[in-house]
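Following: one structure in structure tokens, then a few remarks.
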Amino acid sequence: MTHQGDGAVRFGVNYTPSVGWFHHWLDFDLDAVHRDFASIRSLGADHVRVFPVWSIFQPNRTLIRPQALADLSSMVDAAAEHGLDVSVDALQGHLSSFDFLPSWLTSWHRANLFTDPIARSGQASYLQELAASLAEKKNVLGLSLGNEFSQFASVEHPDVQAVSVQQAECWLAEMMAALEAGFPGAQHCHAEYDSAFFDPQHPFTPAGTARHGSMSTVHSWVFNQTAQRYGGMSEESLRLAEYLTELARAWATDPLRPIWLQEIGAPAPHVSPENAAEFTRKALRNAMDCEGLWGVTWWCSHDVDRALADFPELEYDLGLFRTDQSLKAQGEAFRQVAAEPQSRPARRTTSLVLEMGDETSGPGRAQCAPGGEFFESWMALAKAGARPGIVLASQRDATDYLQVRGIEQLIESGDTQALSR
């Protein structure tokens, strides 16, 4: 496969099919996939993240459809023809506000996704078989458990799946082991969203993101109250991906653990269409100033066809391309940044100390959310030009850890004098 130079940040897109959205698995059209991949490659992208729909691939607990696996295999081979590597999400799960759970887990057969032994065994079997079907594909990077699958455990979900922090940790370990059993040594990860970092009630924690799999993942969306509070083109919005990347780094026990900016987009009206290209350039360049960033994967490749009903309005126009393959202004901005020469980011020698208390409970995570004390302190440093990192208070005296990260100065988040210097 075509890769960038050693240590360079990789550029890719989350693949949203231009024809039929993710319903395309029902009427799989390889020619349409080739057209989409040719457009994606023209951006300078070197990888795609793709989304098998779980209910189509495993409609019964003991039936994993051979034709669905064959269609996915054809998609991966098509990507290879266009010089694209592939990361495959597994438990879909959840896409653009729609949930896709197989019928053996709903209604009369309803079972808790995270705690029911039979449900877990079905998921693990699917993950292992799906991973094994891809293990010989040279352009497959690995698999993610699913797309923001932990949203099913959020109290905001209309059919919340109750799970404790400890049960969530057990589920993560079991499912990651299934991926590894099917495809040993690949780039497997857990695709989390920002509630893990910001919501003290959420049973999936930052530690789950930063300590399972081969890399940490970040999903950066300014509609999470950042744009509403500060404005879509504010420094807070333009630096959200950078901030989340540094937050993910702080939670990792391995100071050299790679981080994948797995989703970032310019959602209207939070980012106005006339500002989308500038948002794309600035947000990506800010994120690329983080050490250890493996890659950025834009959401998404193509707009959603407006013939399809009932999507939230912002979901229709997130693509870099329109459905007719014409390139949008933010697509040109993405291509421009992907083509720019890269140099290794300088060390972030100053870090803000994050005092969490109990890592798995208590109010500590709320201070990291937009409007929270820690969020405000970090942004104040960043806007002052300090290029701040983040260190958990539990690592404050870990000399070897700090040395590996190149940290020379620690600032307490409540130290207003230090923040003003």
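Letters A, B, ... go to the chains of the structure tokens in the order shown; residues in each chain start at 1; ligands are counted from 1 in the same order.
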
Would you return as an MDAnalysis selection string the members of range 165-401 of chain A that DSSP assigns to helix (DSSP H, G or I) on this structure's backbone?
chainID A and resid 165:182 195:198 206:211 226:230 235:238 240:251 273:287 313:315 329:339 364:368 373:383 393:395 399:401

Write out as a PyMOL selection string each polymer residue whose atoms come within 12 Å of range 330-339 of chain A, counting only C-alpha atoms; drop sequence neighbours fewer than 4 positions from it.
chain A and resi 4+8-13+39-46+264-267+271-288+295-303+317-322+325-326

Determine, counting only C-alpha atoms, which protein, DNA and RNA residues have an atom within 8 Å of an atom of range 388-391 of chain A; residues of the same chain fewer than 5 positions away are not included. Present the result as number ranges by chain.
A: 246-247, 249-251, 348-354, 378, 381-382, 396

Saved selection, atoms kept: N, CA, C and O atoms, as a PDB file, in the first residue's frame:
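Okay, selection-v4.pdb is ready:
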```
ATOM      1  N   GLU A 246      -4.571  15.572  23.104  1.00  0.00           N
ATOM      2  CA  GLU A 246      -3.718  15.684  24.290  1.00  0.00           C
ATOM      3  C   GLU A 246      -4.376  15.042  25.510  1.00  0.00           C
ATOM      4  O   GLU A 246      -3.698  14.448  26.350  1.00  0.00           O
ATOM      5  N   LEU A 247      -5.696  15.131  25.614  1.00  0.00           N
ATOM      6  CA  LEU A 247      -6.403  14.488  26.720  1.00  0.00           C
ATOM      7  C   LEU A 247      -6.269  12.971  26.629  1.00  0.00           C
ATOM      8  O   LEU A 247      -6.018  12.289  27.637  1.00  0.00           O
ATOM      9  N   ARG A 249      -3.821  11.392  25.224  1.00  0.00           N
ATOM     10  CA  ARG A 249      -2.430  11.070  25.550  1.00  0.00           C
ATOM     11  C   ARG A 249      -2.226  10.996  27.071  1.00  0.00           C
ATOM     12  O   ARG A 249      -1.521  10.127  27.585  1.00  0.00           O
ATOM     13  N   ALA A 250      -2.872  11.914  27.798  1.00  0.00           N
ATOM     14  CA  ALA A 250      -2.694  11.948  29.245  1.00  0.00           C
ATOM     15  C   ALA A 250      -3.179  10.667  29.912  1.00  0.00           C
ATOM     16  O   ALA A 250      -2.614  10.221  30.911  1.00  0.00           O
ATOM     17  N   TRP A 251      -4.242  10.080  29.359  1.00  0.00           N
ATOM     18  CA  TRP A 251      -4.823   8.897  29.978  1.00  0.00           C
ATOM     19  C   TRP A 251      -4.050   7.618  29.673  1.00  0.00           C
ATOM     20  O   TRP A 251      -4.258   6.594  30.322  1.00  0.00           O
ATOM     21  N   ARG A 348       6.004  19.141  23.556  1.00  0.00           N
ATOM     22  CA  ARG A 348       5.158  20.005  24.394  1.00  0.00           C
ATOM     23  C   ARG A 348       5.743  19.960  25.808  1.00  0.00           C
ATOM     24  O   ARG A 348       5.432  19.078  26.594  1.00  0.00           O
ATOM     25  N   THR A 349       6.582  20.898  26.094  1.00  0.00           N
ATOM     26  CA  THR A 349       7.348  20.861  27.338  1.00  0.00           C
ATOM     27  C   THR A 349       6.561  21.355  28.543  1.00  0.00           C
ATOM     28  O   THR A 349       6.971  21.144  29.680  1.00  0.00           O
ATOM     29  N   THR A 350       5.442  22.013  28.310  1.00  0.00           N
ATOM     30  CA  THR A 350       4.580  22.497  29.387  1.00  0.00           C
ATOM     31  C   THR A 350       3.290  21.703  29.397  1.00  0.00           C
ATOM     32  O   THR A 350       2.652  21.540  28.352  1.00  0.00           O
ATOM     33  N   SER A 351       2.916  21.200  30.564  1.00  0.00           N
ATOM     34  CA  SER A 351       1.675  20.432  30.664  1.00  0.00           C
ATOM     35  C   SER A 351       0.834  20.913  31.834  1.00  0.00           C
ATOM     36  O   SER A 351       1.352  21.300  32.893  1.00  0.00           O
ATOM     37  N   LEU A 352      -0.465  20.865  31.626  1.00  0.00           N
ATOM     38  CA  LEU A 352      -1.444  21.208  32.654  1.00  0.00           C
ATOM     39  C   LEU A 352      -1.820  19.942  33.407  1.00  0.00           C
ATOM     40  O   LEU A 352      -2.090  18.901  32.796  1.00  0.00           O
ATOM     41  N   VAL A 353      -1.815  20.019  34.717  1.00  0.00           N
ATOM     42  CA  VAL A 353      -2.097  18.854  35.559  1.00  0.00           C
ATOM     43  C   VAL A 353      -3.608  18.683  35.716  1.00  0.00           C
ATOM     44  O   VAL A 353      -4.313  19.617  36.116  1.00  0.00           O
ATOM     45  N   LEU A 354      -4.081  17.485  35.405  1.00  0.00           N
ATOM     46  CA  LEU A 354      -5.497  17.157  35.521  1.00  0.00           C
ATOM     47  C   LEU A 354      -5.709  16.333  36.782  1.00  0.00           C
ATOM     48  O   LEU A 354      -5.271  15.185  36.870  1.00  0.00           O
ATOM     49  N   TRP A 378      -6.925  24.958  29.932  1.00  0.00           N
ATOM     50  CA  TRP A 378      -6.095  24.486  28.813  1.00  0.00           C
ATOM     51  C   TRP A 378      -6.215  25.420  27.619  1.00  0.00           C
ATOM     52  O   TRP A 378      -5.212  25.775  26.990  1.00  0.00           O
ATOM     53  N   LEU A 381      -4.193  28.615  28.049  1.00  0.00           N
ATOM     54  CA  LEU A 381      -2.773  28.394  27.767  1.00  0.00           C
ATOM     55  C   LEU A 381      -2.523  28.291  26.262  1.00  0.00           C
ATOM     56  O   LEU A 381      -1.574  28.880  25.733  1.00  0.00           O
ATOM     57  N   ALA A 382      -3.382  27.535  25.569  1.00  0.00           N
ATOM     58  CA  ALA A 382      -3.192  27.347  24.134  1.00  0.00           C
ATOM     59  C   ALA A 382      -3.310  28.671  23.387  1.00  0.00           C
ATOM     60  O   ALA A 382      -2.504  28.973  22.494  1.00  0.00           O
ATOM     61  N   ARG A 396       2.123  12.940  38.178  1.00  0.00           N
ATOM     62  CA  ARG A 396       2.848  14.181  38.448  1.00  0.00           C
ATOM     63  C   ARG A 396       4.295  13.921  38.874  1.00  0.00           C
ATOM     64  O   ARG A 396       5.204  14.679  38.522  1.00  0.00           O
TER      65      ARG A 396
END
```

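Between CA of Arg405 in chain A and CA of Pro255 in chain A the separation is 6.3 Å.
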
Nearby residues (only C-alpha atoms) at most 6 Å from Ala210 in chain A, same-chain spacing under 3 positions excluded, as a PyMOL selection string:
chain A and resi 207+216+251-252

Store the residues of this selection in a file with C-alpha atoms, as an mmCIF file, in the first residue's frame.
```cif
data_model
loop_
_atom_site.group_PDB
_atom_site.id
_atom_site.type_symbol
_atom_site.label_atom_id
_atom_site.label_comp_id
_atom_site.auth_asym_id
_atom_site.auth_seq_id
_atom_site.Cartn_x
_atom_site.Cartn_y
_atom_site.Cartn_z
ATOM 1 C CA ALA A 207 -8.991 4.701 30.504
ATOM 2 C CA SER A 216 -6.286 5.552 21.313
ATOM 3 C CA TRP A 251 -4.823 8.897 29.978
ATOM 4 C CA ALA A 252 -2.449 6.426 28.319
#
```

Determine, using only C-alpha atoms, which residues of range 219-337 of chain A have any atom at most 10 Å from an atom of range 82-101 of chain A, and tabulate each with its shortest atom pair and distance in Å to one decimal place, rows ordered by chain and then rising number, as JSON lines.
```
{"residue": "A:Asp310", "atom": "CA", "partner": "A:Phe98", "partner_atom": "CA", "distance": 9.6}
{"residue": "A:Phe311", "atom": "CA", "partner": "A:Ser97", "partner_atom": "CA", "distance": 7.3}
{"residue": "A:Pro312", "atom": "CA", "partner": "A:Ser97", "partner_atom": "CA", "distance": 7.4}
{"residue": "A:Leu314", "atom": "CA", "partner": "A:Ser96", "partner_atom": "CA", "distance": 9.6}
{"residue": "A:Glu315", "atom": "CA", "partner": "A:Ser96", "partner_atom": "CA", "distance": 6.6}
{"residue": "A:Tyr316", "atom": "CA", "partner": "A:Ser96", "partner_atom": "CA", "distance": 9.5}
```

Those same residues, written as a CSV table (one decimal), in the first residue's frame with N, CA and C atoms?
```
chain,number,residue,atom,x,y,z
A,310,ASP,N,-35.2,11.7,7.0
A,310,ASP,CA,-35.2,11.6,8.5
A,310,ASP,C,-33.9,11.7,9.1
A,311,PHE,N,-32.8,12.0,8.4
A,311,PHE,CA,-31.6,12.3,9.0
A,311,PHE,C,-31.6,13.6,9.7
A,312,PRO,N,-30.9,13.8,10.8
A,312,PRO,CA,-30.7,15.2,11.4
A,312,PRO,C,-30.1,16.0,10.3
A,314,LEU,N,-27.8,18.2,10.0
A,314,LEU,CA,-26.4,18.4,9.8
A,314,LEU,C,-25.7,17.2,9.2
A,315,GLU,N,-26.4,16.0,9.2
A,315,GLU,CA,-25.7,14.8,8.7
A,315,GLU,C,-25.7,14.8,7.1
A,316,TYR,N,-26.5,15.6,6.5
A,316,TYR,CA,-26.6,15.5,5.0
A,316,TYR,C,-25.4,16.0,4.3
```

For Met233 in chain A, the nearest of the candidates A:Leu127, A:Leu69, A:Ala268, A:Ala248, counting only C-alpha atoms:
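Nearest candidate to Met233 in chain A out of A:Leu127, A:Leu69, A:Ala268, A:Ala248: A:Ala268.
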
Pick from A:Leu72, A:Arg211, A:Ala79, A:Ala384: nearest to Arg35 in chain A, with only C-alpha atoms counted?
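Looking at the shortest contact to Arg35 in chain A, the residue is A:Ala79.
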
When DSSP works through the backbone of this structure, what residues of range 145-241 of chain A end up as strand (DSSP E), shown as a ChimeraX atom specification?
/A:145-146,216-220

File of the preceding selection, N, CA and C atoms, as a PDB file, in the first residue's frame:
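Wrote out05.pdb, looks like this:
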```pdb
ATOM      1  N   LEU A 145     -14.004  -1.910  17.352  1.00  0.00           N
ATOM      2  CA  LEU A 145     -15.153  -2.653  17.867  1.00  0.00           C
ATOM      3  C   LEU A 145     -16.452  -2.187  17.225  1.00  0.00           C
ATOM      4  N   GLY A 146     -16.598  -0.906  17.049  1.00  0.00           N
ATOM      5  CA  GLY A 146     -17.816  -0.380  16.458  1.00  0.00           C
ATOM      6  C   GLY A 146     -17.757   1.129  16.445  1.00  0.00           C
ATOM      7  N   SER A 216      -5.125   4.836  20.806  1.00  0.00           N
ATOM      8  CA  SER A 216      -6.286   5.552  21.313  1.00  0.00           C
ATOM      9  C   SER A 216      -6.998   6.239  20.150  1.00  0.00           C
ATOM     10  N   THR A 217      -8.314   6.411  20.286  1.00  0.00           N
ATOM     11  CA  THR A 217      -9.083   7.085  19.244  1.00  0.00           C
ATOM     12  C   THR A 217      -9.757   8.328  19.811  1.00  0.00           C
ATOM     13  N   VAL A 218      -9.914   9.325  18.945  1.00  0.00           N
ATOM     14  CA  VAL A 218     -10.561  10.580  19.310  1.00  0.00           C
ATOM     15  C   VAL A 218     -11.604  10.909  18.251  1.00  0.00           C
ATOM     16  N   HIS A 219     -12.810  11.271  18.692  1.00  0.00           N
ATOM     17  CA  HIS A 219     -13.870  11.767  17.814  1.00  0.00           C
ATOM     18  C   HIS A 219     -14.145  13.205  18.218  1.00  0.00           C
ATOM     19  N   SER A 220     -13.855  14.130  17.332  1.00  0.00           N
ATOM     20  CA  SER A 220     -13.923  15.555  17.651  1.00  0.00           C
ATOM     21  C   SER A 220     -15.083  16.207  16.903  1.00  0.00           C
TER      22      SER A 220
END
```

Find the residues near Ser133 in chain A: any atom within 9 Å, counting only C-alpha atoms, skip ones fewer than 6 places away on the same chain, and give them as a ChimeraX atom specification.
/A:69-70,73,182-183

Please list as a VMD selection string every residue within 9 Å of range 168-177 of chain A, counting only C-alpha atoms and excluding residues in the same chain fewer than 4 positions away.
chain A and resid 114 to 115 120 123 to 124 127 to 128 144 to 145 150 163 to 164 181 to 182 188 to 190 203 to 205 208 212 to 213

CA of Thr209 in chain A and CA of Tyr126 in chain A, how far apart in Å?
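Atom-to-atom, CA of Tyr126 in chain A to CA of Thr209 in chain A, that is 21.5 Å.
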
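Nearest-residue note for Val140 in chain A: choosing from A:Val304, A:Met75, A:Leu261, A:Ala227, the minimum distance belongs to A:Met75, counting only C-alpha atoms.
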
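Remark: for Ser343 in chain A, the closest of the candidate residues A:Trp294, A:Thr226, A:Thr106, A:Gly7 is A:Gly7 (distances computed over only C-alpha atoms).
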
Could you pull the residues within 9 Å of Gly122 in chain A, counting only C-alpha atoms, minus those fewer than 6 positions along the same chain, as a PyMOL selection string?
chain A and resi 60-62

Minimum-distance residue to Leu293 in chain A, chosen among A:His47, A:Arg387, A:Lys328, A:Arg257 (using only C-alpha atoms)
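Result for the nearest residue to Leu293 in chain A: A:Arg257.
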